[in-house]
Each structure stands twice: as structure tokens, then as C-alpha cells.
file upload.cif (mmCIF, C-alpha atoms and all ligand atoms)
data_my_file
#
loop_
_atom_site.label_atom_id
_atom_site.label_comp_id
_atom_site.auth_asym_id
_atom_site.auth_seq_id
_atom_site.Cartn_x
_atom_site.Cartn_y
_atom_site.Cartn_z
CA MET A 165 69.57 -115.90 163.47
CA LYS A 166 71.68 -117.60 160.87
CA ARG A 167 69.79 -120.78 160.07
CA ILE A 168 66.06 -121.46 160.37
CA ALA A 169 63.53 -124.16 159.46
CA VAL A 170 60.10 -123.04 158.32
CA LYS A 171 57.25 -125.54 158.30
CA ILE A 172 54.24 -124.63 156.17
CA GLY A 173 51.04 -126.53 156.99
CA SER A 174 48.56 -127.80 154.39
CA ASN A 175 45.99 -125.27 155.53
CA VAL A 176 48.27 -122.36 154.81
CA LEU A 177 48.70 -123.46 151.21
CA THR A 178 45.15 -124.49 150.38
CA ARG A 179 41.97 -122.54 149.90
CA LYS A 180 38.71 -123.58 151.54
CA ASP A 181 37.72 -125.52 148.39
CA GLY A 182 40.97 -127.55 148.56
CA THR A 183 42.76 -125.90 145.65
CA LEU A 184 46.36 -124.66 145.97
CA ASP A 185 46.48 -121.05 147.16
CA ILE A 186 49.09 -119.72 144.72
CA THR A 187 48.80 -116.16 146.05
CA ARG A 188 49.73 -117.31 149.57
CA MET A 189 52.49 -119.54 148.27
CA SER A 190 53.93 -116.72 146.24
CA ALA A 191 53.80 -114.34 149.25
CA LEU A 192 55.66 -116.88 151.41
CA VAL A 193 58.27 -117.48 148.73
CA ASP A 194 58.82 -113.68 148.52
CA GLN A 195 59.44 -113.58 152.27
CA VAL A 196 61.79 -116.57 152.23
CA ALA A 197 63.65 -115.09 149.26
CA ASP A 198 64.14 -111.81 151.15
CA LEU A 199 65.58 -113.61 154.16
CA HIS A 200 67.78 -115.73 151.89
CA ARG A 201 69.09 -112.56 150.23
CA GLN A 202 70.00 -111.21 153.66
CA GLY A 203 72.23 -114.27 154.16
CA MET A 204 69.96 -116.50 156.20
CA GLU A 205 70.03 -120.26 155.51
CA ILE A 206 66.48 -121.59 155.25
CA VAL A 207 65.03 -125.08 154.97
CA LEU A 208 61.34 -125.28 154.11
CA ILE A 209 59.25 -128.21 155.27
CA SER A 210 56.17 -127.93 153.13
CA SER A 211 52.94 -129.92 153.40
CA GLY A 212 50.25 -129.62 150.78
CA ALA A 213 50.96 -132.54 148.43
CA VAL A 214 47.84 -134.53 149.30
CA ALA A 215 45.64 -131.43 149.44
CA SER A 216 46.83 -130.15 146.06
CA GLY A 217 46.58 -133.57 144.41
CA ARG A 218 43.07 -134.13 145.74
CA SER A 219 41.72 -131.11 143.91
CA GLU A 220 43.42 -132.21 140.68
CA ILE A 221 42.13 -135.77 140.35
CA LYS A 222 38.63 -137.13 140.26
CA ALA A 223 39.09 -140.81 141.06
CA GLY A 224 36.90 -143.20 139.06
CA LYS A 225 35.82 -145.26 142.08
CA LYS A 226 35.87 -144.67 145.81
CA LEU A 227 39.45 -144.98 147.07
CA ASP A 228 40.58 -146.50 150.35
CA PRO A 229 42.59 -144.04 152.52
CA VAL A 230 46.01 -145.50 151.59
CA SER A 231 45.33 -145.48 147.82
CA ALA A 232 43.93 -141.96 148.05
CA ARG A 233 47.01 -140.68 149.87
CA GLN A 234 49.34 -142.37 147.38
CA LEU A 235 47.49 -141.13 144.33
CA TYR A 236 46.93 -137.56 145.51
CA SER A 237 50.45 -137.10 146.87
CA ALA A 238 52.09 -138.46 143.70
CA VAL A 239 50.27 -135.87 141.61
CA GLY A 240 50.14 -133.12 144.23
CA GLN A 241 53.85 -133.18 145.15
CA ALA A 242 54.82 -132.74 141.48
CA LYS A 243 52.45 -129.79 141.21
CA LEU A 244 53.67 -128.30 144.50
CA ILE A 245 57.40 -128.49 143.81
CA ASN A 246 56.94 -127.29 140.27
CA ARG A 247 55.17 -124.21 141.57
CA TYR A 248 57.86 -123.57 144.21
CA TYR A 249 60.56 -123.97 141.57
CA GLU A 250 58.97 -121.34 139.31
CA LEU A 251 58.30 -118.94 142.18
CA PHE A 252 61.89 -119.08 143.47
CA ARG A 253 63.22 -118.78 139.92
CA GLU A 254 61.50 -115.40 139.62
CA HIS A 255 63.85 -114.31 142.43
CA GLY A 256 66.86 -115.82 140.67
CA MET A 257 67.02 -118.55 143.32
CA THR A 258 67.04 -122.33 143.11
CA CYS A 259 65.13 -124.71 145.32
CA GLY A 260 65.47 -128.49 145.49
CA GLN A 261 63.20 -131.30 146.61
CA VAL A 262 63.98 -133.62 149.53
CA LEU A 263 61.46 -136.41 150.07
CA THR A 264 61.99 -138.58 153.11
CA THR A 265 60.43 -141.23 155.32
CA LYS A 266 60.59 -141.92 159.04
CA GLU A 267 62.84 -144.92 158.43
CA ASN A 268 65.52 -142.56 157.09
CA PHE A 269 65.90 -141.21 160.61
CA GLY A 270 66.21 -144.70 162.16
CA SER A 271 69.84 -145.51 161.51
CA ARG A 272 72.62 -143.07 162.16
CA THR A 273 74.09 -143.67 158.66
CA HIS A 274 70.87 -142.74 156.88
CA TYR A 275 70.47 -139.82 159.23
CA LEU A 276 73.92 -138.48 158.40
CA ASN A 277 73.35 -139.05 154.65
CA GLN A 278 70.25 -136.87 154.75
CA LYS A 279 72.05 -134.24 156.78
CA HIS A 280 74.88 -134.22 154.26
CA CYS A 281 72.44 -133.77 151.38
CA MET A 282 70.86 -130.70 152.95
CA GLU A 283 74.20 -129.25 154.06
CA VAL A 284 75.51 -129.45 150.50
CA MET A 285 72.33 -127.80 149.19
CA LEU A 286 72.65 -124.92 151.67
CA GLU A 287 76.35 -124.53 150.92
CA ASN A 288 75.42 -124.07 147.25
CA LYS A 289 72.62 -121.59 148.05
CA VAL A 290 69.88 -124.05 147.10
CA ILE A 291 66.75 -123.89 149.28
CA PRO A 292 65.75 -127.42 150.39
CA ILE A 293 62.00 -128.07 150.32
CA VAL A 294 61.29 -131.14 152.41
CA ASN A 295 58.18 -133.30 152.58
CA GLU A 296 57.38 -136.82 153.66
CA ASN A 297 57.43 -139.26 150.75
CA ASP A 298 53.71 -139.96 151.08
CA THR A 299 53.66 -142.27 148.05
CA ILE A 300 55.59 -145.00 149.86
CA SER A 301 55.26 -144.12 153.51
CA VAL A 302 51.92 -145.68 154.28
CA THR A 303 52.66 -148.12 157.10
CA GLU A 304 52.41 -147.44 160.81
CA LEU A 305 56.00 -146.22 160.55
CA MET A 306 55.09 -142.86 159.08
CA PHE A 307 55.45 -139.43 160.67
CA THR A 308 52.53 -138.35 162.82
CA ASP A 309 52.59 -135.35 160.52
CA ASN A 310 54.99 -132.82 159.04
CA ASP A 311 55.30 -131.10 162.43
CA GLU A 312 57.17 -134.19 163.61
CA LEU A 313 59.29 -134.13 160.44
CA SER A 314 60.06 -130.42 160.91
CA GLY A 315 61.23 -131.09 164.48
CA LEU A 316 63.61 -133.77 163.23
CA ILE A 317 64.97 -131.51 160.50
CA ALA A 318 65.46 -128.59 162.92
CA THR A 319 67.41 -130.83 165.29
CA MET A 320 69.37 -132.57 162.57
CA MET A 321 70.46 -129.32 160.89
CA GLY A 322 71.31 -127.49 164.12
CA MET A 323 68.79 -124.73 163.41
CA ASP A 324 68.63 -121.54 165.46
CA ALA A 325 64.84 -121.58 165.19
CA LEU A 326 61.91 -123.59 163.90
CA VAL A 327 58.90 -121.59 162.70
CA ILE A 328 55.69 -123.62 162.37
CA LEU A 329 53.19 -121.82 160.17
CA SER A 330 49.57 -122.88 160.48
CA ASN A 331 46.21 -121.23 159.88
CA ILE A 332 45.96 -119.91 163.44
CA ASP A 333 47.85 -117.21 165.39
CA GLY A 334 49.33 -119.60 167.96
CA ILE A 335 48.19 -121.79 170.85
CA TYR A 336 45.07 -120.46 172.50
CA ASN A 337 44.43 -120.95 176.22
CA GLY A 338 41.00 -122.42 175.40
CA ASN A 339 38.85 -123.05 172.38
CA PRO A 340 40.19 -120.69 169.68
CA SER A 341 36.63 -119.77 168.66
CA ASP A 342 35.76 -118.73 172.22
CA PRO A 343 36.06 -114.89 172.50
CA ASP A 344 37.48 -115.27 176.03
CA SER A 345 40.48 -117.30 174.80
CA SER A 346 43.72 -115.63 173.86
CA VAL A 347 47.05 -116.73 172.37
CA ILE A 348 49.66 -117.91 174.89
CA ARG A 349 52.57 -115.67 173.90
CA GLU A 350 55.45 -117.47 175.62
CA ILE A 351 56.05 -120.96 176.93
CA GLU A 352 59.04 -121.60 179.17
CA CYS A 353 61.01 -124.76 178.46
CA GLY A 354 60.32 -127.62 180.83
CA LYS A 355 57.22 -129.57 181.46
CA THR A 356 54.31 -127.12 180.92
CA ASP A 357 51.24 -129.30 180.31
CA LEU A 358 49.35 -127.78 177.39
CA SER A 359 46.90 -130.63 176.85
CA GLU A 360 44.13 -128.92 178.86
CA TYR A 361 44.07 -126.02 176.36
CA VAL A 362 44.37 -127.87 173.11
CA GLN A 363 41.29 -129.24 171.39
CA THR A 364 41.68 -132.54 169.60
CA SER A 365 39.92 -131.12 166.54
CA LYS A 366 42.03 -130.58 163.43
CA SER A 367 41.69 -128.05 160.67
CA SER A 368 40.17 -129.35 157.44
CA PHE A 369 43.33 -130.44 155.60
CA GLY A 370 45.76 -130.96 158.50
CA ARG A 371 46.89 -134.36 159.76
CA GLY A 372 48.29 -134.08 163.27
CA GLY A 373 46.56 -131.13 164.87
CA MET A 374 47.73 -128.68 167.52
CA LEU A 375 48.60 -131.31 170.13
CA THR A 376 51.43 -132.76 168.00
CA LYS A 377 52.68 -129.23 167.33
CA CYS A 378 52.87 -128.58 171.11
CA HIS A 379 54.59 -131.88 171.81
CA ILE A 380 57.18 -131.38 169.08
CA ALA A 381 57.71 -127.71 169.92
CA GLN A 382 58.45 -128.52 173.56
CA LYS A 383 60.86 -131.29 172.66
CA VAL A 384 62.75 -129.13 170.16
CA ALA A 385 62.91 -126.15 172.56
CA ASP A 386 64.25 -128.49 175.26
CA GLU A 387 67.12 -129.21 172.90
CA GLY A 388 68.02 -125.52 172.73
CA ILE A 389 66.18 -124.48 169.52
CA ALA A 390 63.65 -121.61 169.62
CA VAL A 391 60.22 -122.61 168.27
CA ILE A 392 57.51 -120.25 167.05
CA ILE A 393 53.95 -121.23 166.13
CA ALA A 394 52.33 -118.52 164.03
CA ASN A 395 49.78 -117.76 161.33
CA GLY A 396 51.16 -118.33 157.83
CA LYS A 397 48.09 -116.70 156.28
CA LYS A 398 49.12 -113.31 157.67
CA ASP A 399 50.93 -110.98 155.29
CA ASN A 400 54.66 -110.62 155.84
CA ILE A 401 54.60 -112.97 158.79
CA LEU A 402 58.19 -114.27 158.57
CA PRO A 403 60.08 -110.94 158.69
CA MET A 404 57.66 -109.70 161.36
CA LEU A 405 58.34 -112.74 163.55
CA LEU A 406 62.10 -112.55 163.09
CA ALA A 407 62.40 -108.79 163.68
CA VAL A 408 64.26 -107.75 166.83
CA ASP A 409 61.73 -107.04 169.65
CA SER A 410 58.90 -108.35 167.47
CA ASP A 411 55.48 -108.12 169.11
CA THR A 412 53.65 -110.07 166.39
CA VAL A 413 51.03 -112.37 167.88
CA CYS A 414 52.37 -115.94 168.03
CA THR A 415 53.40 -118.58 170.56
CA ARG A 416 57.13 -118.69 171.31
CA PHE A 417 58.77 -121.62 173.05
CA ILE A 418 61.81 -120.38 174.93
CA PRO A 419 64.79 -122.66 174.20
CA ALA A 420 66.75 -124.37 176.94
CA SER A 421 70.16 -122.87 177.42
CA LYS A 422 72.00 -126.16 178.06
CA PRO A 423 73.84 -127.52 175.02
CA VAL A 424 72.71 -130.97 173.87
CA SER A 425 75.05 -133.20 171.84
CA SER A 426 73.98 -134.14 168.32
CA VAL A 427 73.93 -137.85 169.20
CA LYS A 428 71.58 -137.17 172.11
CA LYS A 429 69.32 -135.16 169.83
CA TRP A 430 69.14 -138.04 167.38
CA ILE A 431 68.33 -140.47 170.20
CA ALA A 432 65.65 -138.13 171.57
CA HIS A 433 63.75 -138.42 168.28
CA SER A 434 64.34 -142.15 167.75
CA GLU A 435 61.80 -143.63 170.15
CA GLY A 436 59.75 -144.98 167.24
CA PHE A 437 62.63 -147.28 166.25
CA ALA A 438 63.16 -148.91 169.66
CA LYS A 439 63.93 -152.63 169.30
CA GLY A 440 63.56 -153.61 172.95
CA GLU A 441 62.87 -152.57 176.53
CA ILE A 442 65.24 -152.31 179.50
CA HIS A 443 63.33 -152.57 182.79
CA ILE A 444 65.11 -151.00 185.75
CA ASN A 445 64.52 -151.02 189.52
CA LYS A 446 63.56 -148.09 191.77
CA GLY A 447 67.16 -147.33 192.80
CA ALA A 448 68.30 -147.11 189.19
CA GLU A 449 65.37 -144.85 188.32
CA GLU A 450 66.23 -142.53 191.23
CA ALA A 451 69.87 -142.38 190.12
CA LEU A 452 68.89 -141.63 186.52
CA THR A 453 66.45 -138.86 187.40
CA ALA A 454 68.82 -137.22 189.92
CA PRO A 455 70.61 -134.05 188.71
CA LYS A 456 73.97 -135.81 188.30
CA ALA A 457 74.61 -137.43 184.90
CA THR A 458 74.31 -141.23 185.31
CA SER A 459 74.47 -144.19 182.93
CA VAL A 460 72.16 -147.24 182.96
CA LEU A 461 74.11 -150.02 184.72
CA LEU A 462 73.31 -153.72 184.52
CA VAL A 463 73.20 -153.92 188.30
CA GLY A 464 69.93 -151.92 188.28
CA VAL A 465 68.30 -153.88 185.43
CA THR A 466 65.52 -156.33 186.34
CA ARG A 467 64.38 -157.54 182.93
CA ILE A 468 65.14 -157.15 179.23
CA GLU A 469 62.52 -157.53 176.51
CA GLY A 470 62.97 -157.90 172.77
CA ASP A 471 65.90 -158.85 170.56
CA PHE A 472 68.34 -156.14 169.68
CA GLU A 473 71.88 -155.63 168.46
CA LYS A 474 74.59 -153.48 170.00
CA ASP A 475 73.96 -149.78 169.10
CA ASP A 476 70.20 -150.31 168.62
CA ILE A 477 67.72 -147.95 170.24
CA VAL A 478 65.91 -149.32 173.33
CA LYS A 479 63.26 -147.93 175.68
CA ILE A 480 63.99 -147.56 179.39
CA MET A 481 61.06 -148.60 181.60
CA ASN A 482 60.59 -148.13 185.36
CA GLU A 483 59.13 -150.63 187.86
CA GLU A 484 55.59 -149.47 187.05
CA GLY A 485 56.19 -150.25 183.37
CA VAL A 486 56.24 -146.56 182.45
CA GLN A 487 58.77 -145.44 179.83
CA ILE A 488 61.20 -142.91 181.30
CA GLY A 489 63.58 -142.55 178.36
CA VAL A 490 65.37 -144.02 175.37
CA GLY A 491 69.01 -144.87 174.72
CA CYS A 492 71.49 -146.57 172.46
CA THR A 493 72.60 -149.90 173.93
CA ALA A 494 76.24 -150.96 174.27
CA TYR A 495 75.35 -154.70 174.40
CA ASP A 496 73.21 -156.97 172.24
CA SER A 497 70.15 -158.41 173.99
CA GLU A 498 71.61 -161.91 174.48
CA GLU A 499 74.77 -160.61 176.14
CA ALA A 500 72.87 -158.07 178.22
CA ARG A 501 70.43 -160.72 179.54
CA LYS A 502 73.35 -162.88 180.69
CA GLN A 503 74.79 -159.98 182.70
CA ILE A 504 71.62 -158.69 184.41
CA GLY A 505 72.37 -157.70 188.02
CA GLN A 506 76.18 -157.75 187.55
CA ARG A 507 78.40 -154.99 188.97
CA ASP A 508 81.57 -153.40 187.61
CA LEU A 509 80.78 -153.89 183.93
CA LYS A 510 80.69 -151.19 181.28
CA PRO A 511 77.30 -149.38 181.31
CA LEU A 512 74.46 -150.95 179.35
CA ILE A 513 73.57 -147.44 178.15
CA HIS A 514 76.21 -144.78 178.59
CA TYR A 515 75.00 -141.35 179.72
CA ASP A 516 76.11 -139.81 176.40
CA TYR A 517 73.71 -142.14 174.58
CA LEU A 518 70.75 -141.68 176.88
CA TYR A 519 67.73 -139.38 176.59
CA LEU A 520 65.32 -139.11 179.52
CA ASP A 521 61.70 -137.99 178.89
N1 LIG A 601 44.23 -124.38 171.88
C1 LIG A 601 44.36 -124.30 170.55
N2 LIG A 601 44.98 -123.24 170.01
C2 LIG A 601 45.12 -123.14 168.66
N3 LIG A 601 44.65 -124.04 167.76
C3 LIG A 601 44.02 -125.13 168.23
C4 LIG A 601 43.86 -125.32 169.65
N4 LIG A 601 43.22 -126.47 169.83
C5 LIG A 601 42.99 -127.00 168.59
N5 LIG A 601 43.48 -126.20 167.61
C6 LIG A 601 43.36 -126.49 166.15
O1 LIG A 601 44.63 -126.82 165.59
C7 LIG A 601 44.61 -126.44 164.21
C8 LIG A 601 46.01 -126.41 163.62
O2 LIG A 601 46.55 -127.71 163.51
P1 LIG A 601 46.58 -128.52 162.11
O3 LIG A 601 45.19 -128.78 161.68
O4 LIG A 601 47.46 -129.69 162.28
O5 LIG A 601 47.23 -127.44 161.12
P2 LIG A 601 48.38 -127.53 160.00
O6 LIG A 601 47.74 -128.03 158.78
O7 LIG A 601 48.83 -126.11 159.85
O8 LIG A 601 49.49 -128.41 160.49
C9 LIG A 601 43.94 -125.10 164.26
O9 LIG A 601 43.37 -124.72 163.03
C10 LIG A 601 42.88 -125.28 165.35
O10 LIG A 601 41.62 -125.61 164.79
N1 LIG A 602 53.00 -134.96 153.56
C1 LIG A 602 51.65 -134.46 153.65
C2 LIG A 602 51.56 -133.57 154.86
C3 LIG A 602 50.47 -133.94 155.79
C4 LIG A 602 50.57 -133.10 157.07
O1 LIG A 602 51.33 -133.42 157.99
O2 LIG A 602 49.88 -131.96 156.98
P1 LIG A 602 49.93 -130.77 158.05
O3 LIG A 602 49.32 -131.27 159.34
O4 LIG A 602 49.14 -129.72 157.41
O5 LIG A 602 51.35 -130.34 158.20
C5 LIG A 602 51.31 -133.64 152.41
O6 LIG A 602 52.18 -133.02 151.81
O7 LIG A 602 50.13 -133.63 152.04
#
call {"tool": "encode", "arguments": {"input": "upload.cif", "output": "C-alpha cells", "more": "lines below"}}
Ligand SMILES: Nc1ncnc2c1ncn2[C@@H]1O[C@H](COP(=O)(O)OP(=O)(O)O)[C@@H](O)[C@H]1O
Ligand SMILES: N[C@@H](CCC(=O)OP(=O)(O)O)C(=O)O
result
Amino acid sequence: MKRIAVKIGSNVLTRKDGTLDITRMSALVDQVADLHRQGMEIVLISSGAVASGRSEIKAGKKLDPVSARQLYSAVGQAKLINRYYELFREHGMTCGQVLTTKENFGSRTHYLNQKHCMEVMLENKVIPIVNENDTISVTELMFTDNDELSGLIATMMGMDALVILSNIDGIYNGNPSDPDSSVIREIECGKTDLSEYVQTSKSSFGRGGMLTKCHIAQKVADEGIAVIIANGKKDNILPMLLAVDSDTVCTRFIPASKPVSSVKKWIAHSEGFAKGEIHINKGAEEALTAPKATSVLLVGVTRIEGDFEKDDIVKIMNEEGVQIGVGCTAYDSEEARKQIGQRDLKPLIHYDYLYLD
């Protein structure tokens, strides 16, 4: 593997009492530095800002959740990146901070700007350390958690693999504390439903939980990137996972072999920015879900909701009102509404700009 993304969860970096686990951090930096020395390009997506800030500050009065997140992350992120900087410097390596928000993935221009920033860092042997900008991203338009962010980064940077490090060995086929449960070692790409195994409980400092990890991992693997969920608290975990014929306990999502264009990958992760809904009839749904590549044509559209511009992201809904995909529209909403039901016009959403769930 040439290029990998490594996501480190809050629980990997914090001790039970909420303080930053410098020993663990240092061990992970050693492993990343070794891989970097061998010529691998690595992007770290590191959580831990809120957790490390929380243990640093004793707020004078009780804080509401938004204020607490802003205050703790402002302090904690500085502490976190400072520590990373010193640890990498001991290896003669430089790391750099990339703070982002979900909105930065909404428009293709912002998306490409971020990509360019990280490409130039990698080109100059700087290790990007990415986190959500928790100080300003407090609205409903924030990432579910850093697992979602790591999926976006892996797709955006054309990674060979995404390694998600948590405080658990992988996805268990039952309650992890039940002695009869064991780690599911491999998950084929496609539609394996993992929700029956995954408990909704979260670890003490985590935000999203295992269900978001599964959802993101499946989506990223479907786009042709290998995903591994493993235990970041285990010594030497990264080289062990990446070794040829590794039998280290973890959950591996087998990547799809079909190539997916970079525009399609961007669209696949852009559902949160949809400006409207395109409702289609049964015939159009059947055509779209058939094996042959098909565009969304106005002849199969029954209704259009919302106001959008040409090139905006829209949801595609079937007759039952269920979302079946997202796409980038070739018409603005006013024009599209006028042409509903018309034949022989350019597609409303071209196949190249369409992602089906
Ligand atoms: N079937 C399962 N297999 C593994 N972990 C599970 C499962 N169901 C729920 N979990 C919980 O998910 C937690 C990891 O998710 P999360 O708290 O988001 O961690 P992180 O901070 O590393 O992102 C585990 O510590 C575990 O308690
Ligand atoms: N941006 C937050 C990350 C929150 C989060 O997603 O945590 P986790 O579920 O442990 O990856 C922080 O640095 O505290």
C-alpha cells in the first residue's frame, strides 16, 4: 500500500480519567513514523480535542453542550497538535494541522481546495493531522463524528486503505462483553446488514459509536478502498495490520473491485448538502436499479421539491417516498419543473453524476 488514512478515536488517546494518554500517542506516532520512513504516505484523522480540553479546564459554571464543546476543543486541539508536533519532531518529521467542517465538502471548489492542501503537504513529506473544527462547527451541519470525516478524507485523497483505530478489536457478532461473541474478521462489500450485531452504546469519550463506523466503512469499501477497524490500544497495531498475510484480530471490509470516478465519490458523500428532491415513477426506478448504467430522465419524473441551481446536489426519491440515491442536477429547479414528463431532452441527472444507495 502506498497511501493510507489512519483515524484515531478519542478513546484510543485518552485514559479512563479523561486525560491525554501520551504513552499511547507516542507509540502510535512511532508506528506512523516507521511507515512514513518506508515511503508510505499517511494522513492522520485524530479525535481527542474535546477529551483533552475537558481534563484541562474546570469551567466556573455549568456549561451547555455547545459551549462546552467549543471551550474544550479550543484548548484541547492546541494541546493535541502541540504534542503531535513534538512527537514527530523527535523522528525528524514534520506534521501539520488541517481543521475542517462539513460545509467544506459541500461545494466542489472547497473540496478541491482541501484536497490540494493535503496533496501539497504529502508531496513535501509533511504528515497532515486532520480534525473537525469543533470550535465553529456546532450546527446540525456537523459531521456525525470523525469516522464520517475519515471516510471523506479517504475518498478524497484516493487512499489505498482506511484504518479506523478504536478501543475495541473490531466488530463483534454480538455484545462485545458477551464471552460467546467474537470479532467478524471479514465483511464482503455489498449490502451486509450489520445493525443486528451492533449495540447503540458508545464508549465513554466517543461521539458516533460503532454503527457509524460500520456505515462509513461499507460505503468507503464500496468505492474500492479497503477499510480496517482495529484496536489502537494494542502495541504495534499498524505494522501488524499492514503486514502481508497479517492474522491480527480486526474487521476487514473487502473493497469493491469496480473503479469509481472521483466525481461520483464526492457525490456519494454529499447527501447532507442536498437542496431538493426529484421524485421518480416506478419505471424510472426500475431502469435506474437495473445493471445497465442509466441517467435520470425528465420523462420519469413525477414531482420536484425544493429550490436548487444547476450543479446542486439533489436526492432521488421513489414512488414510496424512499430515497434511492443522490445526484448532481443539470437543470435548475424552475427549468426542471417546466420540463417534467418531457422526452428527448438532456438527462436531468447524468449517469456520471449519479450515486445510487
Ligand atoms: N458489535 C459491536 N462490536 C464492537 N463494538 C461495539 C459493538 N457494538 C457497540 N460497540 C461499541 O462501539 C464502541 C466504539 O465506538 P466509539 O465509541 O465511537 O469509539 P471511538 O471513540 O474509537 O470512535 C466500542 O467501544 C463498543 O463499546
Ligand atoms: N472532533 C472531536 C472528535 C469527536 C469524535 O468524533 O470522536 P470519536 O468518536 O472518538 O472519533 C474531537 O477532537 O474531540
call {"tool": "residues_around", "arguments": {"input": "upload.cif", "residues": "segment 343-345 of chain A", "least_positions_apart": "4", "cutoff": "12 Å", "atoms": "all atoms listed in the file", "output": "number ranges by chain"}}
result
A: 333-339, 361-362
call {"tool": "residues_near_ligand", "arguments": {"input": "upload.cif", "ligand": "ligand LIG 602 (chain A)", "cutoff": "6 Å", "atoms": "all atoms listed in the file", "output": "ChimeraX atom specification"}}
result
/A:173-175,211-215,295-296,298,309-311,370-372
call {"tool": "write_last_selection", "arguments": {"input": "upload.cif", "atoms": "C-alpha atoms", "output": "PDB file, in the coordinates of the input"}}
result
ATOM      1  CA  GLY A 173      51.040-126.530 156.990  1.00  0.00           C
ATOM      2  CA  SER A 174      48.560-127.800 154.390  1.00  0.00           C
ATOM      3  CA  ASN A 175      45.990-125.270 155.530  1.00  0.00           C
ATOM      4  CA  SER A 211      52.940-129.920 153.400  1.00  0.00           C
ATOM      5  CA  GLY A 212      50.250-129.620 150.780  1.00  0.00           C
ATOM      6  CA  ALA A 213      50.960-132.540 148.430  1.00  0.00           C
ATOM      7  CA  VAL A 214      47.840-134.530 149.300  1.00  0.00           C
ATOM      8  CA  ALA A 215      45.640-131.430 149.440  1.00  0.00           C
ATOM      9  CA  ASN A 295      58.180-133.300 152.580  1.00  0.00           C
ATOM     10  CA  GLU A 296      57.380-136.820 153.660  1.00  0.00           C
ATOM     11  CA  ASP A 298      53.710-139.960 151.080  1.00  0.00           C
ATOM     12  CA  ASP A 309      52.590-135.350 160.520  1.00  0.00           C
ATOM     13  CA  ASN A 310      54.990-132.820 159.040  1.00  0.00           C
ATOM     14  CA  ASP A 311      55.300-131.100 162.430  1.00  0.00           C
ATOM     15  CA  GLY A 370      45.760-130.960 158.500  1.00  0.00           C
ATOM     16  CA  ARG A 371      46.890-134.360 159.760  1.00  0.00           C
ATOM     17  CA  GLY A 372      48.290-134.080 163.270  1.00  0.00           C
TER      18      GLY A 372
END
call {"tool": "residues_around", "arguments": {"input": "upload.cif", "residues": "Met321 of chain A", "least_positions_apart": "5", "cutoff": "12 Å", "atoms": "all atoms listed in the file", "output": "VMD selection string"}}
result
chain A and resid 166 to 169 205 to 207 275 to 286 292 314 to 316 326 389 426 429 to 430
call {"tool": "atom_distance", "arguments": {"input": "upload.cif", "atom1": "atom CA of Ser434 of chain A", "atom2": "atom CA of Phe269 of chain A"}}
result
7.4 Å
call {"tool": "closest_residue", "arguments": {"input": "upload.cif", "among": "A:Glu267, A:Asp194, A:Asp342, A:Glu287", "to": "ligand LIG 601 (chain A)", "atoms": "all atoms listed in the file"}}
result
A:Asp342
call {"tool": "closest_residue", "arguments": {"input": "upload.cif", "among": "A:Glu499, A:Asp411, A:Asp476, A:Glu387", "to": "Arg349 of chain A", "atoms": "all atoms listed in the file"}}
result
A:Asp411
call {"tool": "decode", "arguments": {"input": "upload.cif", "residues": "segment 250-266 of chain A", "atoms": "C-alpha atoms", "output": "CSV table (one decimal), in the first residue's frame"}}
result
chain,number,residue,atom,x,y,z
A,250,GLU,CA,6.9,17.4,19.4
A,251,LEU,CA,6.5,13.7,19.0
A,252,PHE,CA,7.0,13.7,15.2
A,253,ARG,CA,9.9,16.1,15.6
A,254,GLU,CA,11.7,13.5,17.7
A,255,HIS,CA,11.7,11.4,14.5
A,256,GLY,CA,12.9,14.4,12.4
A,257,MET,CA,9.5,14.6,10.8
A,258,THR,CA,7.0,17.5,10.4
A,259,CYS,CA,3.3,17.3,10.8
A,260,GLY,CA,0.7,19.9,10.0
A,261,GLN,CA,-2.8,20.7,11.2
A,262,VAL,CA,-5.9,20.6,9.0
A,263,LEU,CA,-9.1,21.7,10.6
A,264,THR,CA,-12.2,21.4,8.6
A,265,THR,CA,-16.0,21.4,8.7
A,266,LYS,CA,-18.7,19.5,6.8
